[in-house]
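Source file: data_16.txt (compact mmCIF, C-alpha atoms)
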```txt
# COMPACT_ATOMS: atom_id res chain seq x y z
CA MET A 140 -22.91 68.16 98.21
CA LEU A 141 -22.89 65.32 100.69
CA HIS A 142 -22.49 61.75 99.54
CA GLY A 143 -23.90 58.91 101.60
CA PRO A 144 -21.69 56.30 103.18
CA THR A 145 -20.14 53.66 100.97
CA GLN A 146 -18.92 50.29 102.10
CA PRO A 147 -15.68 48.99 100.65
CA ALA A 148 -16.59 45.96 98.55
CA ARG A 149 -14.49 42.97 99.57
CA PRO A 150 -15.28 39.46 98.36
CA ARG A 151 -16.34 37.25 101.23
CA ALA A 152 -17.42 33.63 101.49
CA SER A 153 -20.40 33.13 103.78
CA ASP A 154 -19.63 32.82 107.49
CA CYS A 155 -21.22 29.39 107.48
CA ASP A 156 -18.92 28.11 104.69
CA GLU A 157 -15.89 29.51 106.45
CA ALA A 158 -16.87 27.99 109.79
CA THR A 159 -17.27 24.60 108.09
CA LEU A 160 -13.88 25.01 106.49
CA LEU A 161 -12.32 25.86 109.83
CA SER A 162 -13.85 22.84 111.53
CA ARG A 163 -12.29 20.68 108.80
CA VAL A 164 -8.95 22.37 109.50
CA ALA A 165 -9.47 21.47 113.18
CA SER A 166 -9.64 17.85 112.02
CA GLU A 167 -6.25 18.33 110.35
CA ASP A 168 -7.69 18.34 106.84
CA MET A 169 -4.82 19.74 104.75
CA GLU A 170 -7.02 20.35 101.71
CA ALA A 171 -9.37 22.53 103.78
CA PHE A 172 -6.36 24.37 105.17
CA GLU A 173 -5.13 25.20 101.68
CA THR A 174 -8.60 26.35 100.64
CA LEU A 175 -8.72 28.60 103.69
CA TYR A 176 -5.29 29.91 102.81
CA ARG A 177 -6.37 30.71 99.26
CA LEU A 178 -9.41 32.51 100.65
CA TYR A 179 -7.51 34.53 103.24
CA GLY A 180 -3.98 34.81 101.82
CA PRO A 181 -4.51 38.00 99.81
CA ARG A 182 -6.56 39.65 102.56
CA LEU A 183 -4.00 38.77 105.22
CA GLN A 184 -1.15 39.91 103.03
CA ARG A 185 -2.78 43.29 102.62
CA PHE A 186 -3.67 43.54 106.33
CA VAL A 187 -0.23 42.56 107.62
CA SER A 188 1.46 44.81 105.12
CA GLY A 189 -0.78 47.70 106.26
CA ILE A 190 0.17 47.19 109.91
CA THR A 191 3.88 46.52 109.57
CA ARG A 192 4.73 48.68 106.51
CA GLN A 193 7.70 46.36 106.08
CA PRO A 194 7.38 44.17 102.97
CA ALA A 195 10.19 41.89 104.17
CA LEU A 196 8.14 40.88 107.21
CA VAL A 197 4.86 40.15 105.48
CA GLU A 198 5.62 36.60 104.38
CA GLU A 199 6.91 35.61 107.81
CA VAL A 200 3.93 37.07 109.68
CA LEU A 201 1.52 35.54 107.16
CA ASP A 202 3.02 32.08 107.64
CA ASP A 203 3.07 32.44 111.44
CA THR A 204 -0.58 33.48 111.35
CA MET A 205 -1.62 30.48 109.29
CA MET A 206 0.38 28.15 111.53
CA VAL A 207 -1.57 29.46 114.53
CA VAL A 208 -4.81 28.98 112.57
CA TRP A 209 -3.81 25.36 111.89
CA ARG A 210 -2.91 24.65 115.52
CA LYS A 211 -5.75 26.54 117.18
CA ALA A 212 -8.62 25.90 114.77
CA TYR A 213 -10.23 23.56 117.32
CA THR A 214 -10.55 26.48 119.78
CA PHE A 215 -12.80 28.50 117.43
CA ASN A 216 -16.10 28.74 119.29
CA HIS A 217 -18.34 30.67 116.87
CA ALA A 218 -18.50 33.64 119.28
CA ALA A 219 -17.11 35.80 116.46
CA LYS A 220 -16.97 35.57 112.67
CA VAL A 221 -14.18 33.44 111.22
CA SER A 222 -12.72 36.54 109.55
CA THR A 223 -12.64 38.39 112.87
CA TRP A 224 -10.93 35.42 114.53
CA ILE A 225 -8.27 35.10 111.81
CA LEU A 226 -7.58 38.84 111.55
CA ALA A 227 -7.20 38.99 115.34
CA ILE A 228 -4.49 36.31 115.08
CA ALA A 229 -2.78 38.21 112.25
CA TYR A 230 -2.90 41.42 114.30
CA ARG A 231 -1.28 39.76 117.32
CA GLN A 232 1.36 38.07 115.16
CA SER A 233 2.19 41.39 113.48
CA LEU A 234 2.69 43.16 116.81
CA LYS A 235 4.68 40.19 118.13
CA THR A 236 7.05 40.31 115.17
CA LEU A 237 7.44 44.09 115.33
CA LYS A 238 8.14 43.84 119.05
CA ARG A 239 10.74 41.13 118.52
CA LEU A 240 12.50 43.33 115.97
CA GLY A 241 12.24 46.39 118.20
CA SER A 242 10.07 48.18 115.65
CA LEU A 243 7.08 48.62 117.92
CA SER A 244 7.16 52.17 119.18
CA GLU A 245 4.91 53.66 121.78
CA VAL A 246 1.93 55.60 120.49
CA GLU A 247 2.65 59.26 120.62
CA LEU A 248 -0.17 61.40 121.85
CA ASP A 249 -0.29 64.91 120.57
CA GLU A 250 -2.33 66.28 123.39
CA GLY A 251 -3.28 69.91 123.51
CA VAL A 252 -2.91 70.58 119.81
CA GLU A 253 -6.02 70.59 117.72
CA ALA A 254 -6.05 69.32 114.15
CA ALA A 255 -4.77 71.81 111.63
CA ALA A 256 -7.89 73.79 110.91
CA PRO A 257 -6.92 75.97 107.97
CA GLY A 258 -6.07 73.91 104.93
CA PRO A 259 -6.20 73.82 101.18
CA ASP A 260 -9.39 73.05 99.33
CA ASP A 261 -10.77 69.52 99.05
CA GLU A 262 -9.34 68.82 95.62
CA LEU A 263 -5.82 69.75 96.65
CA GLN A 264 -6.14 67.65 99.80
CA HIS A 265 -7.19 64.65 97.72
CA LEU A 266 -4.19 65.12 95.47
CA GLU A 267 -1.94 65.32 98.51
CA LEU A 268 -3.43 62.16 99.90
CA ARG A 269 -2.96 60.30 96.65
CA GLN A 270 0.69 61.30 96.41
CA HIS A 271 1.74 60.99 100.01
CA LEU A 272 -0.57 58.59 101.79
CA ASP A 273 2.08 55.92 102.03
CA ALA A 274 4.63 58.19 103.66
CA ALA A 275 1.99 59.71 105.94
CA LEU A 276 0.82 56.28 107.12
CA ALA A 277 4.39 55.39 108.00
CA THR A 278 4.29 58.07 110.72
CA LEU A 279 1.43 56.30 112.53
CA SER A 280 1.83 53.59 115.16
CA PRO A 281 1.00 50.00 114.14
CA GLU A 282 -2.15 50.16 116.29
CA GLN A 283 -3.33 53.34 114.55
CA ARG A 284 -2.58 51.87 111.11
CA THR A 285 -4.54 48.75 112.06
CA VAL A 286 -7.62 50.83 112.89
CA MET A 287 -7.30 52.75 109.61
CA GLU A 288 -6.77 49.58 107.58
CA LEU A 289 -9.74 47.77 109.14
CA THR A 290 -12.00 50.78 108.70
CA TYR A 291 -11.12 52.01 105.23
CA TYR A 292 -9.88 48.93 103.42
CA PHE A 293 -11.81 46.13 105.10
CA GLY A 294 -14.91 48.18 105.93
CA TYR A 295 -15.37 46.91 109.48
CA ALA A 296 -17.63 48.47 112.09
CA CYS A 297 -16.05 49.97 115.16
CA ARG A 298 -17.27 47.12 117.40
CA GLU A 299 -15.78 44.47 115.11
CA ILE A 300 -12.45 46.30 115.11
CA ALA A 301 -12.51 46.31 118.91
CA GLN A 302 -13.03 42.52 118.79
CA ILE A 303 -10.13 42.00 116.40
CA MET A 304 -7.78 44.21 118.40
CA GLY A 305 -8.98 42.91 121.74
CA CYS A 306 -9.66 46.38 123.17
CA PRO A 307 -12.66 48.56 124.13
CA VAL A 308 -14.60 50.45 121.46
CA ASP A 309 -13.48 53.78 122.96
CA THR A 310 -9.85 52.75 122.45
CA VAL A 311 -10.56 52.16 118.76
CA LYS A 312 -12.15 55.61 118.51
CA THR A 313 -9.21 57.16 120.33
CA ARG A 314 -6.70 55.50 117.99
CA MET A 315 -8.66 56.68 114.96
CA PHE A 316 -8.91 60.20 116.40
CA TYR A 317 -5.14 60.50 116.85
CA ALA A 318 -4.41 58.79 113.54
CA ARG A 319 -6.50 61.33 111.63
CA ARG A 320 -4.94 64.20 113.50
CA LYS A 321 -1.43 62.93 112.91
CA LEU A 322 -2.05 62.40 109.19
CA LYS A 323 -3.39 65.93 108.82
CA ARG A 324 -0.55 67.48 110.76
CA TRP A 325 2.02 65.54 108.75
CA LEU A 326 0.46 66.67 105.48
CA ALA A 327 0.25 70.26 106.74
CA SER A 328 3.90 70.31 107.85
CA ARG A 329 4.94 68.90 104.51
CA ARG A 330 2.96 71.62 102.76
CA GLU A 331 4.69 74.29 104.83
CA ALA A 332 8.10 72.82 104.05
CA ILE A 333 7.59 73.23 100.29
CA MET B 96 1.17 51.68 124.85
CA ASN B 97 0.80 54.93 126.75
CA GLY B 98 -2.40 55.93 124.95
CA ARG B 99 -4.92 57.83 126.94
CA VAL B 100 -8.43 56.61 126.13
CA ILE B 101 -10.77 59.48 125.47
CA LYS B 102 -14.37 59.17 126.60
CA PHE B 103 -16.39 60.31 123.63
CA GLU B 104 -19.19 62.25 125.19
CA GLY B 105 -19.95 65.91 125.23
CA SER B 106 -20.98 68.12 122.34
CA ALA B 107 -22.86 66.69 119.40
CA HIS B 108 -20.13 68.06 117.13
CA ALA B 109 -17.36 66.16 118.94
CA GLN B 110 -19.49 63.01 119.09
CA VAL B 111 -20.26 63.15 115.37
CA ASP B 112 -16.63 63.89 114.51
CA ARG B 113 -15.56 60.61 116.20
CA LEU B 114 -18.22 58.66 114.32
CA LEU B 115 -17.46 60.07 110.88
CA PRO B 116 -14.94 57.38 109.80
CA TRP B 117 -17.60 54.71 110.30
CA TRP B 118 -20.31 56.85 108.71
CA VAL B 119 -18.07 57.04 105.65
CA ASN B 120 -17.59 53.25 105.55
CA GLY B 121 -21.33 52.68 106.10
CA THR B 122 -21.20 50.58 109.26
CA LEU B 123 -22.95 52.80 111.81
CA ASP B 124 -26.17 51.53 113.33
CA GLU B 125 -29.41 53.36 112.60
CA ASP B 126 -29.36 55.70 115.63
CA GLU B 127 -25.76 56.76 115.12
CA ARG B 128 -26.28 57.25 111.43
CA ALA B 129 -29.33 59.46 112.02
CA LEU B 130 -27.35 61.51 114.55
CA VAL B 131 -24.47 62.00 112.11
CA GLU B 132 -26.64 62.90 109.14
CA GLN B 133 -28.71 65.38 111.13
CA HIS B 134 -25.55 67.15 112.30
CA LEU B 135 -23.82 66.98 108.92
CA ALA B 136 -26.68 68.81 107.24
CA GLU B 137 -25.91 71.92 109.30
CA CYS B 138 -22.14 71.71 110.02
CA PRO B 139 -19.75 72.76 107.20
CA PRO B 140 -16.56 71.71 109.11
CA CYS B 141 -17.94 68.18 109.50
CA GLN B 142 -18.93 68.16 105.82
CA HIS B 143 -15.32 69.01 104.92
CA GLU B 144 -14.03 66.36 107.27
CA ALA B 145 -16.38 63.76 105.77
CA ALA B 146 -15.17 64.65 102.29
CA TRP B 147 -11.55 64.29 103.42
CA LEU B 148 -12.26 60.92 105.01
CA ARG B 149 -14.02 59.77 101.87
CA GLY B 150 -10.91 60.69 99.89
CA LEU B 151 -8.87 58.66 102.34
CA GLN B 152 -11.15 55.66 101.85
CA GLU B 153 -10.86 56.00 98.08
CA GLN B 154 -7.08 55.98 98.39
CA TYR B 155 -7.21 52.79 100.39
CA ALA B 156 -9.41 51.18 97.73
CA GLU B 157 -7.02 52.21 94.96
CA ASP B 158 -3.98 51.10 96.87
CA ASP B 159 -4.76 47.41 96.37
CA ALA B 160 -2.11 44.92 97.38
CA PRO B 161 -0.53 42.83 94.63
CA ALA B 162 -2.11 39.40 94.42
CA ALA B 163 -0.32 36.99 96.71
CA ASP B 164 1.33 33.97 95.15
CA VAL B 165 -0.94 31.68 97.10
CA THR B 166 0.24 28.46 95.50
CA ARG B 167 3.86 29.10 96.41
CA ALA B 168 2.87 30.18 99.90
CA ALA B 169 0.68 27.11 100.42
CA ARG B 170 3.57 24.89 99.32
CA ARG B 171 5.89 26.66 101.76
CA LEU B 172 3.45 26.18 104.63
CA ARG B 173 2.93 22.52 103.77
CA ARG B 174 6.71 22.03 103.98
CA ARG B 175 6.83 23.85 107.31
CA LEU B 176 4.05 21.69 108.72
CA ALA B 177 5.76 18.53 107.46
CA ASN B 178 9.05 19.63 109.06
CA GLU B 179 7.36 20.31 112.36
CA THR B 180 5.68 16.90 112.29
CA LEU B 181 9.02 15.24 111.55
CA HIS B 182 10.62 17.18 114.38
CA VAL B 183 7.90 16.14 116.80
CA HIS B 184 8.28 12.50 115.77
CA ALA B 185 12.04 12.67 116.14
CA THR B 186 11.95 14.15 119.62
CA ALA B 187 8.91 12.50 121.16
CA PRO B 188 7.55 8.97 121.22
CA THR B 189 5.00 8.31 118.50
CA PRO B 190 1.51 8.79 119.89
CA TRP B 191 -0.34 5.55 120.34
CA TRP B 192 -3.09 6.49 117.94
CA ARG B 193 -0.60 6.73 115.09
CA GLN B 194 1.21 3.45 115.68
CA GLY B 195 -0.75 1.14 113.44
CA TRP B 196 -3.31 -1.60 113.81
CA ARG B 197 -1.19 -4.20 115.52
CA LEU B 198 -0.30 -2.02 118.46
CA GLY B 199 -3.84 -0.74 118.46
CA TRP B 200 -5.34 -4.15 119.00
CA LEU B 201 -2.77 -4.86 121.69
CA ALA B 202 -3.94 -1.68 123.33
CA VAL B 203 -7.54 -2.82 123.13
CA ALA B 204 -6.73 -6.13 124.79
CA GLN B 205 -4.84 -4.37 127.57
CA ALA B 206 -7.60 -1.84 127.97
CA ALA B 207 -10.17 -4.59 128.36
CA LEU B 208 -8.13 -6.07 131.18
CA ILE B 209 -7.81 -2.69 132.84
CA ILE B 210 -11.55 -2.11 132.53
CA VAL B 211 -12.37 -5.38 134.23
CA LEU B 212 -9.97 -4.61 137.08
CA GLY B 213 -11.05 -0.97 137.23
CA ALA B 214 -14.73 -1.79 137.27
CA SER B 215 -14.26 -4.35 139.99
CA LEU B 216 -12.30 -1.87 142.12
CA PHE B 217 -14.83 0.87 141.46
CA HIS B 218 -17.74 -1.32 142.61
CA GLN B 219 -15.92 -2.35 145.75
CA ARG B 220 -15.18 1.27 146.66
CA ALA B 221 -18.54 2.70 145.65
CA ALA B 222 -20.53 0.04 147.54
CA GLY B 223 -19.56 1.43 150.94
CA TYR B 224 -21.06 4.84 150.21
CA HIS B 225 -24.48 3.84 148.89
CA THR B 226 -27.50 4.75 150.98
CA LEU B 227 -31.05 3.58 150.51
CA GLY B 228 -32.29 7.03 149.62
CA GLY B 229 -29.12 8.03 147.79
CA ALA B 230 -29.55 9.83 144.50
CA GLU B 231 -27.99 8.60 141.27
CA PRO B 232 -24.45 9.89 140.83
CA ALA B 233 -24.45 13.12 138.82
CA ASN B 234 -21.66 11.97 136.53
CA ALA B 235 -20.90 8.79 134.67
CA VAL B 236 -17.41 7.62 133.80
CA LEU B 237 -16.69 5.84 130.53
CA VAL B 238 -13.54 4.05 129.43
CA VAL B 239 -12.81 4.83 125.80
CA VAL B 240 -10.23 3.42 123.41
CA PHE B 241 -9.92 5.36 120.19
CA ASP B 242 -9.15 3.85 116.82
CA PRO B 243 -5.40 4.08 116.08
CA GLN B 244 -6.14 6.05 112.91
CA THR B 245 -8.02 8.74 114.81
CA SER B 246 -6.27 12.09 114.92
CA GLU B 247 -5.89 14.07 118.09
CA ALA B 248 -8.21 16.75 116.74
CA GLN B 249 -10.90 14.16 115.99
CA MET B 250 -10.54 12.77 119.51
CA ARG B 251 -11.04 16.21 120.98
CA GLN B 252 -14.07 16.78 118.79
CA LEU B 253 -15.64 13.47 119.83
CA VAL B 254 -15.10 14.21 123.52
CA ARG B 255 -16.57 17.67 123.10
CA ASP B 256 -19.57 16.36 121.16
CA SER B 257 -20.26 13.95 124.03
CA HIS B 258 -20.27 16.88 126.49
CA ALA B 259 -17.56 15.01 128.36
CA HIS B 260 -14.13 15.80 129.67
CA ILE B 261 -11.11 13.58 130.04
CA VAL B 262 -10.44 12.70 133.68
CA GLY B 263 -7.76 10.06 133.17
CA GLY B 264 -5.42 8.50 130.67
CA PRO B 265 -4.00 7.74 128.37
CA THR B 266 -3.03 4.58 130.20
CA GLU B 267 -0.10 2.60 128.88
CA ALA B 268 -2.64 0.76 126.84
CA GLY B 269 -4.02 4.01 125.47
CA ALA B 270 -7.37 3.96 127.26
CA TYR B 271 -8.97 7.20 128.41
CA LEU B 272 -11.45 7.81 131.21
CA ILE B 273 -14.04 10.43 130.34
CA SER B 274 -16.59 11.92 132.70
CA LEU B 275 -19.98 13.21 131.57
CA PRO B 276 -23.45 13.88 133.02
CA SER B 277 -25.21 10.57 133.78
CA SER B 278 -28.30 11.70 131.90
CA GLY B 279 -26.36 11.87 128.65
CA ALA B 280 -24.20 8.78 129.16
CA ALA B 281 -26.27 6.35 127.09
CA ALA B 282 -26.55 8.75 124.16
CA ALA B 283 -22.87 9.61 124.31
CA ARG B 284 -21.99 5.95 124.36
CA SER B 285 -24.04 5.23 121.25
CA GLN B 286 -22.59 8.29 119.56
CA LEU B 287 -19.03 7.23 120.32
CA GLN B 288 -19.70 3.67 119.17
CA GLY B 289 -21.25 4.91 115.94
CA SER B 290 -18.51 7.44 115.22
CA GLY B 291 -16.20 4.93 113.56
CA HIS B 292 -13.30 6.31 115.60
CA VAL B 293 -13.75 4.31 118.78
CA THR B 294 -12.84 0.65 119.18
CA LEU B 295 -14.11 0.29 122.72
CA VAL B 296 -16.41 2.20 125.03
CA GLU B 297 -17.47 0.88 128.41
CA SER B 298 -19.15 2.31 131.45
CA LEU B 299 -17.31 2.19 134.77
CA ASP B 300 -20.32 2.83 136.98
CA GLY B 301 -22.53 -0.17 136.60
CA GLY B 302 -23.97 0.56 133.17
CA ALA B 303 -21.54 -1.67 131.32
CA GLN B 304 -22.84 -3.64 128.40
CA PRO B 305 -21.06 -6.32 126.50
```
Could I get this file's structure written as structure tokens?
Amino acid sequence: MLHGPTQPARPRASDCDEATLLSRVASEDMEAFETLYRLYGPRLQRFVSGITRQPALVEEVLDDTMMVVWRKAYTFNHAAKVSTWILAIAYRQSLKTLKRLGSLSEVELDEGVEAAAPGPDDELQHLELRQHLDAALATLSPEQRTVMELTYYFGYACREIAQIMGCPVDTVKTRMFYARRKLKRWLASRREAI
Amino acid sequence: MNGRVIKFEGSAHAQVDRLLPWWVNGTLDEDERALVEQHLAECPPCQHEAAWLRGLQEQYAEDDAPAADVTRAARRLRRRLANETLHVHATAPTPWWRQGWRLGWLAVAQAALIIVLGASLFHQRAAGYHTLGGAEPANAVLVVVFDPQTSEAQMRQLVRDSHAHIVGGPTEAGAYLISLPSSGAAAARSQLQGSGHVTLVESLDGGAQP
């Protein structure tokens, strides 16, 4: 039986409150900055950790992100939501740090090979996912992990993800397409190895 | 990245397959959602795929990050900001707006002198170009001296709110020249005066008031 779509429930302050907070940060209001940090710290920690998969980097990227928020708050022009604006900064900072450390690999395209069609039943697949998701995600590129993270954890629409990542909507769909295929192939190859 | 971007057109099955992740997270618009649900009702492979993606989403939900120690992190950032400020102060001259009242008032006195000289020069130069049928200049220029306690961010905000842009300054005395549409000059002037962050605002193009 088919279940309808479900949106991940993430606590969010209203956009208006957040925009007010950000304008206070633009006026160098330290208290507002700390409030914004409390609001976004856990979300950013999760997001950066999902992209980098390197716990040792998370604190550094998080701090760099918030420093950019502090310095550039006055440039926020309400064209996007505050959350989109801040996550876009975190995304760029994550890639920048990975690049600096030489951990940013090119996205591998597995052209010409369709997703593994035959597979175990749904229940077994779920069990596999539960046990091995972490290792499977590590095989994806940071860009692919970002799309997965923003879709499944943060519950963003495709257009919003394109805004955050600064790329066309079709690029987001392409990254998701290859991410899914790679995950399935990794799980299938693991299954065969047992 | 060497990623080839795929254009997602073609068969309904392929189109729906690409939309499934966002059908699962409930963010498709009405048309896309209708398309997906119509196809799902008659396509077992897509039903399987949707179930797999739902499992993936559930895993993400369960895999919640440990709560960040926000207090410690905020303290760390505060220290970093303080260090950067100290570094800036140690390597660059203190900005005029942070130097205290005494210097501020000195700046105001100097600015006043500059305004008088500037205005007189401006009138002399502008007079030669006036014609009888000439239109009003499109832009007005104001001389503004900000309160020494005003932060840089507040200054920027005030200039933006006045729909102006800085065309000169800071002079040695800390005065700025801002240009804005003539039609909004009077309102901007009142707004700047009433902001509590400006110690002096004068017009350079004949609209000066005491």
Region 291-295 of chain B environment, 7 Å, all atoms listed in the file, sequence neighbours closer than 3 positions dropped, as a PyMOL selection string:
chain B and resi 239-242+245+287-288
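The smallest atom-to-atom distance between chain B and any of A:Gln270, A:Gln283, A:Ser166, A:Asn216, using only C-alpha atoms, is found for A:Ser166.
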Excluding Ile300 (chain A) and residues on its chain fewer than 2 positions from it, collect all residues at most 8 Å away from it, counting all atoms listed in the file, and give them as a ChimeraX atom specification.
/A:286,289-290,295-298,302-304,308,311
Enter the distance from CA of Val111 (chain B) to CA of Pro139 (chain B), in Å, rounded to one decimal.
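That distance, rounded to one decimal, is 12.6 Å.
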Report the distance between CA of His260 (chain B) and CA of Leu272 (chain B) in Å, rounded to one decimal place.
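Spanning CA of His260 (chain B) to CA of Leu272 (chain B) is a straight-line distance of 8.6 Å.
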Quick check, in Å to one decimal: how far apart do CA of Thr166 (chain B) and CA of Gln244 (chain B) lie?
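One can read the CA of Thr166 (chain B) to CA of Gln244 (chain B) distance as 29.1 Å.
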May I ask which of the residues A:Glu170, A:Val208, A:Leu175, A:Leu240 is the closest one to Leu196 (chain A), counting only C-alpha atoms?
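Nearest candidate to Leu196 (chain A) out of A:Glu170, A:Val208, A:Leu175, A:Leu240: A:Leu240.
Counting only C-alpha atoms, Glu288 (chain A) has the following residues at most 8 Å away, ignoring those fewer than 6 positions along the same chain: Phe186, Gly189 and Ile190 of chain A; Tyr155 of chain B.
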Here is a test: counting only C-alpha atoms, which residue of B:His108, B:Ala248, B:Leu115, B:Arg175 is nearest to chain A?
B:Ala248
Hey, which of A:Arg329, A:Thr310, A:Arg319, A:Met205 ends up closest to Ala227 (chain A)? Count all atoms listed in the file.
A:Met205
Residues within 12 Å of Arg231 (chain A), all atoms listed in the file, excluding chain neighbours under 6 positions, as an mmCIF file with C-alpha atoms, keeping the file's coordinate frame:
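Output file out_20.cif is given in full below:
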```cif
data_model
loop_
_atom_site.group_PDB
_atom_site.id
_atom_site.type_symbol
_atom_site.label_atom_id
_atom_site.label_comp_id
_atom_site.auth_asym_id
_atom_site.auth_seq_id
_atom_site.Cartn_x
_atom_site.Cartn_y
_atom_site.Cartn_z
ATOM 1 C CA PHE A 186 -3.670 43.540 106.330
ATOM 2 C CA VAL A 187 -0.230 42.560 107.620
ATOM 3 C CA ILE A 190 0.170 47.190 109.910
ATOM 4 C CA THR A 191 3.880 46.520 109.570
ATOM 5 C CA VAL A 200 3.930 37.070 109.680
ATOM 6 C CA LEU A 201 1.520 35.540 107.160
ATOM 7 C CA ASP A 203 3.070 32.440 111.440
ATOM 8 C CA THR A 204 -0.580 33.480 111.350
ATOM 9 C CA VAL A 207 -1.570 29.460 114.530
ATOM 10 C CA TRP A 224 -10.930 35.420 114.530
ATOM 11 C CA ILE A 225 -8.270 35.100 111.810
ATOM 12 C CA LEU A 237 7.440 44.090 115.330
ATOM 13 C CA LYS A 238 8.140 43.840 119.050
ATOM 14 C CA PRO A 281 1.000 50.000 114.140
ATOM 15 C CA GLU A 282 -2.150 50.160 116.290
ATOM 16 C CA THR A 285 -4.540 48.750 112.060
ATOM 17 C CA ILE A 303 -10.130 42.000 116.400
ATOM 18 C CA MET A 304 -7.780 44.210 118.400
ATOM 19 C CA GLY A 305 -8.980 42.910 121.740
#
```
